[in-house]
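Novice: What follows is entry-v8.cif, mmCIF, C-alpha atoms and all ligand atoms.
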data_work
loop_
_atom_site.label_atom_id
_atom_site.label_comp_id
_atom_site.auth_asym_id
_atom_site.auth_seq_id
_atom_site.Cartn_x
_atom_site.Cartn_y
_atom_site.Cartn_z
CA MET A 125 97.27 113.48 105.74
CA ASN A 126 96.41 110.92 108.43
CA LEU A 127 98.11 110.34 111.77
CA PHE A 128 100.25 107.47 110.48
CA GLN A 129 101.55 109.67 107.67
CA ARG A 130 102.14 112.65 109.95
CA SER A 131 104.11 110.58 112.43
CA PHE A 132 106.28 109.16 109.64
CA HIS A 133 107.08 112.67 108.35
CA LEU A 134 107.67 113.85 111.91
CA SER A 135 110.34 111.17 112.35
CA GLN A 136 112.11 112.44 109.24
CA PHE A 137 112.03 115.99 110.62
CA ILE A 138 113.70 114.71 113.80
CA PHE A 139 116.34 112.77 111.84
CA PRO A 140 117.10 114.90 108.75
CA ASN A 141 120.14 112.73 108.05
CA GLY A 142 117.94 109.64 107.79
CA GLY A 143 117.18 106.60 109.91
CA ALA A 144 115.58 103.18 109.72
CA CYS A 145 111.79 102.94 109.51
CA LEU A 146 110.45 99.61 110.75
CA GLU A 147 106.97 98.42 109.88
CA PHE A 148 105.43 95.56 111.84
CA GLY A 149 102.39 94.43 109.83
CA VAL A 150 102.75 95.05 106.09
CA PHE A 151 99.67 93.18 104.74
CA ARG A 152 99.12 94.36 101.14
CA GLY A 153 101.72 97.10 101.48
CA GLY A 154 99.52 100.23 101.68
CA THR A 155 101.49 101.91 104.45
CA TYR A 156 104.79 100.34 103.36
CA ALA A 157 104.41 101.79 99.85
CA TYR A 158 103.55 105.22 101.28
CA GLN A 159 106.82 105.31 103.22
CA ALA A 160 108.78 103.84 100.31
CA GLU A 161 107.52 106.52 97.95
CA HIS A 162 108.46 109.33 100.33
CA ILE A 163 111.86 107.82 101.08
CA LEU A 164 112.49 107.74 97.33
CA ARG A 165 111.28 111.30 96.77
CA ARG A 166 112.19 113.20 99.93
CA TYR A 167 114.23 111.16 102.38
CA PRO A 168 116.86 109.26 100.38
CA ALA A 169 119.08 108.64 103.43
CA SER A 170 116.38 106.63 105.22
CA THR A 171 115.66 102.92 104.98
CA LEU A 172 112.50 100.84 105.35
CA ILE A 173 112.16 97.32 106.74
CA GLY A 174 108.79 95.54 106.76
CA PHE A 175 108.06 92.44 108.84
CA ASP A 176 105.20 90.09 108.00
CA SER A 177 104.27 86.41 108.00
CA TRP A 178 102.21 86.87 104.80
CA GLU A 179 100.04 84.21 106.48
CA GLY A 180 98.09 86.67 108.59
CA LEU A 181 97.68 86.85 112.34
CA PRO A 182 99.00 84.12 114.66
CA PRO A 183 97.06 82.99 117.77
CA GLU A 184 96.40 85.60 120.48
CA THR A 185 97.97 85.21 123.94
CA GLU A 186 96.00 82.61 125.88
CA GLY A 187 93.36 84.20 128.09
CA VAL A 188 93.58 87.66 126.47
CA TRP A 189 90.34 88.89 124.91
CA THR A 190 90.41 89.40 121.16
CA ALA A 191 87.94 90.70 118.57
CA ASP A 192 86.47 88.26 116.02
CA ARG A 193 88.08 90.33 113.28
CA HIS A 194 91.45 89.32 114.74
CA ALA A 195 91.00 85.59 114.15
CA VAL A 196 94.02 83.45 113.29
CA GLY A 197 94.97 83.91 109.63
CA LYS A 198 93.22 87.26 109.24
CA TYR A 199 95.08 89.66 106.93
CA ALA A 200 96.94 86.98 105.02
CA ALA A 201 98.21 88.56 101.80
CA PRO A 202 100.72 87.54 99.17
CA LYS A 203 104.11 89.22 99.41
CA ALA A 204 104.01 89.45 95.60
CA GLU A 205 101.37 92.16 95.94
CA VAL A 206 103.77 94.33 97.96
CA LYS A 207 106.57 93.64 95.50
CA SER A 208 104.45 94.76 92.57
CA ARG A 209 103.65 98.03 94.41
CA LEU A 210 107.39 98.60 94.87
CA ASP A 211 107.96 97.75 91.24
CA ALA A 212 105.37 100.36 90.24
CA LEU A 213 107.30 102.93 92.26
CA GLY A 214 110.44 102.05 90.31
CA ILE A 215 112.16 100.36 93.26
CA LYS A 216 114.58 97.73 92.01
CA GLU A 217 114.68 94.28 93.61
CA GLY A 218 117.74 94.23 95.88
CA ASP A 219 117.75 98.00 96.62
CA PRO A 220 119.26 97.83 100.13
CA ARG A 221 117.07 100.68 101.38
CA PHE A 222 113.92 98.56 101.13
CA ARG A 223 113.75 95.20 102.89
CA LEU A 224 110.99 92.74 103.70
CA VAL A 225 111.61 90.20 106.46
CA ASP A 226 109.42 87.11 106.11
CA GLY A 227 107.95 84.92 108.81
CA PHE A 228 106.13 84.93 112.12
CA TYR A 229 107.82 87.21 114.62
CA SER A 230 108.52 84.29 116.96
CA ASP A 231 111.03 83.16 114.30
CA SER A 232 111.98 86.30 112.39
CA LEU A 233 112.67 88.86 115.15
CA THR A 234 116.17 87.74 116.09
CA PRO A 235 118.98 89.78 117.71
CA GLU A 236 120.94 89.43 114.44
CA VAL A 237 118.12 91.06 112.47
CA ALA A 238 117.88 93.82 115.13
CA ALA A 239 121.60 94.50 114.77
CA SER A 240 121.19 94.78 110.99
CA CYS A 241 118.49 97.47 111.13
CA GLY A 242 120.76 100.46 111.67
CA PRO A 243 119.83 103.46 113.85
CA LEU A 244 116.03 103.77 114.10
CA ALA A 245 113.89 106.78 113.23
CA TYR A 246 110.35 105.39 113.03
CA VAL A 247 108.41 102.29 114.12
CA ASN A 248 104.94 101.53 112.78
CA ILE A 249 103.21 98.97 115.02
CA ASP A 250 100.20 97.60 113.15
CA VAL A 251 99.94 94.01 114.35
CA ASP A 252 96.50 94.18 115.98
CA ILE A 253 96.98 91.67 118.78
CA HIS A 254 98.71 91.37 122.15
CA SER A 255 100.92 88.33 121.41
CA SER A 256 102.51 89.96 118.36
CA THR A 257 102.99 93.30 120.14
CA VAL A 258 104.84 91.55 122.99
CA GLU A 259 107.28 90.12 120.42
CA VAL A 260 107.69 93.46 118.64
CA LEU A 261 108.47 95.27 121.92
CA GLU A 262 111.05 92.67 122.96
CA PHE A 263 112.70 93.16 119.57
CA ILE A 264 112.77 96.96 119.38
CA GLY A 265 113.46 97.60 123.10
CA PRO A 266 117.25 97.23 122.89
CA ILE A 267 117.54 99.35 119.72
CA LEU A 268 115.35 102.30 120.71
CA ARG A 269 117.07 105.69 120.91
CA PRO A 270 115.93 109.24 121.73
CA GLY A 271 113.96 110.84 118.91
CA VAL A 272 112.37 107.63 117.62
CA ILE A 273 108.67 107.97 116.85
CA LEU A 274 106.41 105.01 117.63
CA TYR A 275 103.08 104.88 115.80
CA TRP A 276 100.28 102.62 117.11
CA ASP A 277 97.56 101.74 114.63
CA ASP A 278 95.36 99.60 116.90
CA TRP A 279 96.17 100.89 120.35
CA LYS A 280 92.62 100.50 121.64
CA ASP A 281 90.24 100.53 118.71
CA PRO A 282 86.86 101.90 119.89
CA ARG A 283 85.13 99.08 117.96
CA ASP A 284 86.61 96.62 120.44
CA GLN A 285 84.46 96.58 123.54
CA ALA A 286 85.73 94.41 126.37
CA ASP A 287 86.38 94.81 130.05
CA GLY A 288 89.99 94.83 131.07
CA ALA A 289 93.13 95.10 129.00
CA TRP A 290 93.80 93.51 125.62
CA GLY A 291 95.64 94.04 122.35
CA GLU A 292 98.46 96.48 121.64
CA HIS A 293 97.83 98.78 124.60
CA TYR A 294 97.94 95.90 127.09
CA ALA A 295 101.31 94.68 125.79
CA TRP A 296 102.73 98.22 126.14
CA GLU A 297 101.36 98.67 129.67
CA GLN A 298 102.99 95.40 130.76
CA TRP A 299 106.29 96.11 129.01
CA LEU A 300 107.03 99.78 129.70
CA PRO A 301 107.38 99.62 133.52
CA LYS A 302 110.15 97.02 133.09
CA GLN A 303 112.26 99.33 130.86
CA ALA A 304 114.59 101.21 133.21
CA GLY A 305 115.62 104.59 131.80
CA LEU A 306 113.26 104.54 128.83
CA GLU A 307 111.16 107.71 128.68
CA VAL A 308 108.37 108.22 126.20
CA GLU A 309 105.85 111.03 125.60
CA THR A 310 102.61 110.79 123.67
CA ILE A 311 102.56 113.35 120.85
CA GLU A 312 99.17 112.85 119.21
CA VAL A 313 96.02 110.76 119.68
CA ASN A 314 93.08 110.72 117.24
CA PRO A 315 89.40 109.76 117.77
CA LEU A 316 90.18 106.14 116.85
CA GLU A 317 92.76 106.04 119.65
CA GLN A 318 95.59 105.64 117.16
CA ARG A 319 98.60 107.45 118.55
CA SER A 320 102.16 108.60 118.08
CA MET A 321 104.78 108.61 120.80
CA LEU A 322 108.26 110.09 121.06
CA VAL A 323 111.17 108.39 122.81
CA THR A 324 112.72 111.22 124.86
CA ALA A 325 115.38 109.18 126.70
CA ALA A 326 116.91 105.72 126.34
CA TYR A 327 120.02 104.03 127.72
CA GLY A 328 121.40 107.21 129.28
CA LYS A 329 120.91 109.30 126.13
CA THR A 330 118.46 112.15 125.77
CA LEU A 331 117.21 114.37 122.95
CA ALA A 332 119.65 117.07 124.15
CA SER A 333 122.65 114.74 124.43
CA GLU A 334 122.01 113.60 120.84
CA ASN A 335 121.57 117.20 119.60
CA LEU A 336 118.07 116.48 118.39
CA PRO A 337 115.19 118.99 118.34
CA THR A 338 113.53 119.67 121.69
CA VAL A 339 110.15 118.19 122.64
CA THR A 340 108.63 121.64 122.06
CA GLN A 341 110.10 121.91 118.55
CA ILE A 342 108.85 118.41 117.78
CA ARG A 343 105.36 119.20 119.07
CA TYR A 344 105.26 122.38 116.96
CA GLN A 345 106.29 120.43 113.86
CA ALA A 346 103.55 117.86 114.65
CA GLN A 347 101.03 120.70 114.79
CA ALA A 348 102.38 122.24 111.55
CA LEU A 349 101.79 118.85 109.86
CA VAL A 350 98.17 118.99 111.04
CA GLU A 351 97.53 122.59 110.01
CA ASP A 352 99.43 122.90 106.74
CA PRO A 353 101.18 119.70 105.63
CA VAL A 354 102.27 121.17 102.29
CA LYS A 355 104.10 124.01 104.03
CA ALA A 356 105.43 121.75 106.80
CA LEU A 357 106.93 119.40 104.21
CA LYS A 358 108.51 122.13 102.10
CA PRO A 359 112.22 121.55 101.54
CA ARG A 360 114.18 123.07 104.36
CA SER A 361 115.18 126.73 104.04
CA ASP A 362 118.77 127.93 104.39
CA ASN A 363 117.90 128.80 107.93
CA ASP A 364 116.87 125.20 108.64
CA GLY A 365 120.06 124.09 106.90
CA MET A 366 122.06 126.26 109.30
CA THR A 367 120.21 124.74 112.26
CA ALA A 368 121.04 121.23 111.03
CA LEU A 369 124.67 122.27 110.50
CA LYS A 370 124.88 123.74 114.00
CA ARG A 371 123.46 120.50 115.39
CA GLN A 372 126.09 118.49 113.50
CA ILE A 373 128.88 120.74 114.79
CA ARG A 374 127.62 120.15 118.32
CA THR A 375 128.09 116.38 117.82
CA LEU A 376 131.87 116.89 117.44
CA PRO A 377 133.35 115.52 120.72
CA VAL A 378 135.25 118.72 121.70
CA VAL A 379 132.30 121.02 120.96
CA GLY A 380 129.91 118.59 122.69
CA ALA A 381 132.06 118.64 125.85
CA VAL A 382 132.09 122.47 125.91
CA VAL A 383 128.29 122.66 125.37
CA LYS A 384 127.77 120.10 128.17
CA LYS A 385 130.02 122.11 130.52
CA LEU A 386 128.08 125.29 129.79
CA ARG A 387 124.74 123.46 130.32
CA ASP A 388 125.94 121.95 133.65
CA ARG A 389 127.01 125.35 135.05
C1 LIG A 401 96.34 95.11 109.87
S1 LIG A 401 97.53 94.30 108.94
C2 LIG A 401 98.72 95.57 108.53
C3 LIG A 401 98.17 96.62 107.60
C4 LIG A 401 99.17 97.54 106.95
N1 LIG A 401 100.06 98.21 107.87
C5 LIG A 401 98.42 98.60 106.13
O1 LIG A 401 97.97 99.59 106.75
O2 LIG A 401 98.26 98.42 104.93
C6 LIG A 401 98.39 93.36 110.17
C7 LIG A 401 99.52 92.52 109.61
O3 LIG A 401 100.34 92.09 110.68
C8 LIG A 401 100.86 90.81 110.37
N2 LIG A 401 101.22 90.14 111.64
C9 LIG A 401 100.58 90.30 112.83
N3 LIG A 401 101.18 89.55 113.77
C10 LIG A 401 102.24 88.93 113.18
C11 LIG A 401 103.26 88.05 113.65
N4 LIG A 401 103.31 87.64 114.93
N5 LIG A 401 104.20 87.64 112.77
C12 LIG A 401 104.17 88.09 111.49
N6 LIG A 401 103.22 88.89 110.98
C13 LIG A 401 102.27 89.34 111.82
C14 LIG A 401 99.73 90.12 109.63
O4 LIG A 401 100.21 89.11 108.79
C15 LIG A 401 99.09 91.28 108.84
O5 LIG A 401 99.57 91.34 107.53
#
Is it possible to give me this structure as structure tokens?
Ligand SMILES: C[S@@+](CC[C@H](N)C(=O)[O-])C[C@H]1O[C@@H](n2cnc3c(N)ncnc32)[C@H](O)[C@@H]1O
Specialist:
Amino acid sequence: MNLFQRSFHLSQFIFPNGGACLEFGVFRGGTYAYQAEHILRRYPASTLIGFDSWEGLPPETEGVWTADRHAVGKYAAPKAEVKSRLDALGIKEGDPRFRLVDGFYSDSLTPEVAASCGPLAYVNIDVDIHSSTVEVLEFIGPILRPGVILYWDDWKDPRDQADGAWGEHYAWEQWLPKQAGLEVETIEVNPLEQRSMLVTAAYGKTLASENLPTVTQIRYQAQALVEDPVKALKPRSDNDGMTALKRQIRTLPVVGAVVKKLRDR
């Protein structure tokens, strides 16, 4: 199991009652189909929304260094290819759990589309270049919540040698300091510099206030996915079911107020 796959499964551990998985950069649908298959088989309460121009990469931000392999139009692929993958999985056209949003992000990433996504669980950022990442971050910023996992496919690919900042990591470094109250921790980084991050606080909410697993529990699940994915993905035991039930009970307003009082003492 690779880091992209682990971070997707980790998000579903954090949100056992489901959440929206957003994929920026679908191309031929390899990673989209992986998530779709697992949503069908294991995580039926989750949804998946893919965003792509189908015309490949747009121009990079003026003045920002870019690799030759990120030329305009690179990774153009017909949407039909993705649709036939979904068809092979038995996903019916019009199944509301699986959506594809067409167009360049400058046109397609509107506040109306953001409002239609539903509560997020997972965001796969695989757009390669700075200009696209800037647009993705502007779009997801207002809808982030504690517990969301962000996966970065091209954070700082070691093939790309250039002085200074460029690409996905540069967009993040410019954007994050401007997000008051947003707290994020890196969970895992691999030798290719791909990485997963966990939103720990956003808009006054925290993992604890949302009755989500703690950072430690999430890190241990991330490690379990590395060491023994088959075991880590086993259906939850009764004990896990009890934990989920207890968490749900804590979300009831009266119980939540009592728990908060006890915590504040
Ligand atoms: C590297 S490919 C994605 C690969 C895919 N996640 C996979 O692993 O199979 C990058 C994709 O991002 C899309 N893309 C990048 N910037 C975009 C933008 N600003 N608007 C729309 N699509 C964009 C490209 O069209 C391309 O299909």
Novice: So, counting all atoms listed in the file, which residue among A:Ser320, A:Ser208, A:Asn248, A:Thr340 is closest to Gly149 of chain A?
Specialist: A:Asn248
Novice: Contacts between ligand LIG 401 (chain A) and chain A, please, where a residue of chain A counts if it comes within 6 Å (with only C-alpha atoms and all ligand atoms); show its shortest atom pair and distance in Å to one decimal, rows by chain and ascending number, as a tab-separated table.
Specialist:
residue	atom	partner	partner_atom	distance
A:Gly149	CA	A:LIG401	O3	3.2
A:Val150	CA	A:LIG401	C4	4.4
A:Phe151	CA	A:LIG401	O5	3.3
A:Arg152	CA	A:LIG401	O2	5.6
A:Gly153	CA	A:LIG401	O2	5.1
A:Gly154	CA	A:LIG401	O2	3.9
A:Thr155	CA	A:LIG401	O2	4.8
A:Asp176	CA	A:LIG401	N6	3.8
A:Ser177	CA	A:LIG401	C12	3.9
A:Trp178	CA	A:LIG401	O4	5.0
A:Glu179	CA	A:LIG401	O4	5.4
A:Gly180	CA	A:LIG401	O4	3.2
A:Leu181	CA	A:LIG401	C9	4.5
A:Pro182	CA	A:LIG401	N4	5.6
A:Tyr199	CA	A:LIG401	C15	4.7
A:Ala200	CA	A:LIG401	O4	5.4
A:Gly227	CA	A:LIG401	C12	5.6
A:Phe228	CA	A:LIG401	N5	3.4
A:Tyr229	CA	A:LIG401	N5	4.1
A:Asp250	CA	A:LIG401	C2	5.3
A:Val251	CA	A:LIG401	C9	4.1
A:Ser256	CA	A:LIG401	N4	4.2
Novice: Calculate how many Å separate atom CA of Glu334 of chain A from atom CA of Val247 of chain A, rounding to one decimal.
Specialist: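 One can read the atom CA of Glu334 of chain A to atom CA of Val247 of chain A distance as 18.9 Å.
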Novice: So which residues touch Leu172 of chain A within 7 Å, counting only C-alpha atoms, skipping near sequence neighbours fewer than 6 positions away, as a ChimeraX atom specification?
Specialist: /A:144-146,160,221-223
Novice: Report the distance between atom CA of Gly197 of chain A and atom CA of Asp252 of chain A in Å, rounded to one decimal place.
Specialist: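 Computed distance, atom CA of Gly197 of chain A to atom CA of Asp252 of chain A, equals 12.2 Å.
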Novice: Around (118.2, 106.9, 114.7), as given in the file, which residues come within 7 Å? Count only C-alpha atoms and list them as number ranges by chain.
Specialist: A: 139, 143-144, 243-245, 269, 272
Novice: So which one's closest to Gln298 of chain A, A:Leu134, A:Val237, A:Leu261, A:Leu316? Using only C-alpha atoms, please.
Specialist: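 Closest to Gln298 of chain A of all the choices is A:Leu261.
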Novice: How many Å lie between atom CA of Gly288 of chain A and atom CA of Phe148 of chain A, rounded to one decimal?
Specialist: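 Separation between atom CA of Gly288 of chain A and atom CA of Phe148 of chain A: 24.7 Å.
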Novice: Nearest residue to Lys216 of chain A out of A:Val354, A:Val323, A:Met125, A:Leu164, using all atoms listed in the file?
Specialist: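 When distances to Lys216 of chain A are compared using all atoms listed in the file, the smallest one comes from A:Leu164.
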Novice: What residues have an atom no more than 7 Å from (119.4, 93.3, 117.7) in the file's own frame, counting only C-alpha atoms, and can you write them as a VMD selection string?
Specialist: chain A and resid 234 to 239 263 266 to 267
Novice: Once you have the residues from the selection above, write them out as a short mmCIF file (atom, residue, chain, number, x, y, z; two decimals), keeping the file's coordinate frame, restricted to C-alpha atoms.
Specialist:
data_model
loop_
_atom_site.label_atom_id
_atom_site.label_comp_id
_atom_site.auth_asym_id
_atom_site.auth_seq_id
_atom_site.Cartn_x
_atom_site.Cartn_y
_atom_site.Cartn_z
CA THR A 234 116.17 87.74 116.09
CA PRO A 235 118.98 89.78 117.71
CA GLU A 236 120.94 89.43 114.44
CA VAL A 237 118.12 91.06 112.47
CA ALA A 238 117.88 93.82 115.13
CA ALA A 239 121.60 94.50 114.77
CA PHE A 263 112.70 93.16 119.57
CA PRO A 266 117.25 97.23 122.89
CA ILE A 267 117.54 99.35 119.72
#
Novice: Tell me which protein, DNA and RNA residues are within 7 Å of Tyr167 of chain A, counting all atoms listed in the file, leaving out same-chain ones fewer than 4 positions away, and put them as a PyMOL selection string.
Specialist: chain A and resi 142+162-163
Novice: Between A:Trp189, A:Phe175, A:Phe128, A:Tyr246, which one has atoms that come closest to Ala289 of chain A, using all atoms listed in the file?
Specialist: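 Ranking A:Trp189, A:Phe175, A:Phe128, A:Tyr246 by distance to Ala289 of chain A, first place goes to A:Trp189.
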Novice: Using only C-alpha atoms, find the one residue out of A:Gly265, A:Pro315, A:Pro220, A:Gly174 that sits nearest to Trp279 of chain A.
Specialist: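 For Trp279 of chain A, the nearest of the given residues is A:Pro315.
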Novice: Excluding Arg343 of chain A and any residue of its chain fewer than 3 positions from it, enumerate the residues within 10 Å of it, using all atoms listed in the file, and give them as a CSV table (one decimal) with C-alpha atoms, in the coordinates of the input.
Specialist:
chain,number,residue,atom,x,y,z
A,134,LEU,CA,107.7,113.8,111.9
A,310,THR,CA,102.6,110.8,123.7
A,311,ILE,CA,102.6,113.4,120.8
A,312,GLU,CA,99.2,112.8,119.2
A,322,LEU,CA,108.3,110.1,121.1
A,337,PRO,CA,115.2,119.0,118.3
A,338,THR,CA,113.5,119.7,121.7
A,339,VAL,CA,110.2,118.2,122.6
A,340,THR,CA,108.6,121.6,122.1
A,346,ALA,CA,103.6,117.9,114.6
A,347,GLN,CA,101.0,120.7,114.8
A,348,ALA,CA,102.4,122.2,111.6
A,349,LEU,CA,101.8,118.8,109.9
Novice: Using only C-alpha atoms for the distances, tell me which of A:Pro202, A:Gly271, A:Pro183, A:Pro282 is nearest to Phe137 of chain A.
Specialist: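 Smallest distance to Phe137 of chain A is found for A:Gly271.
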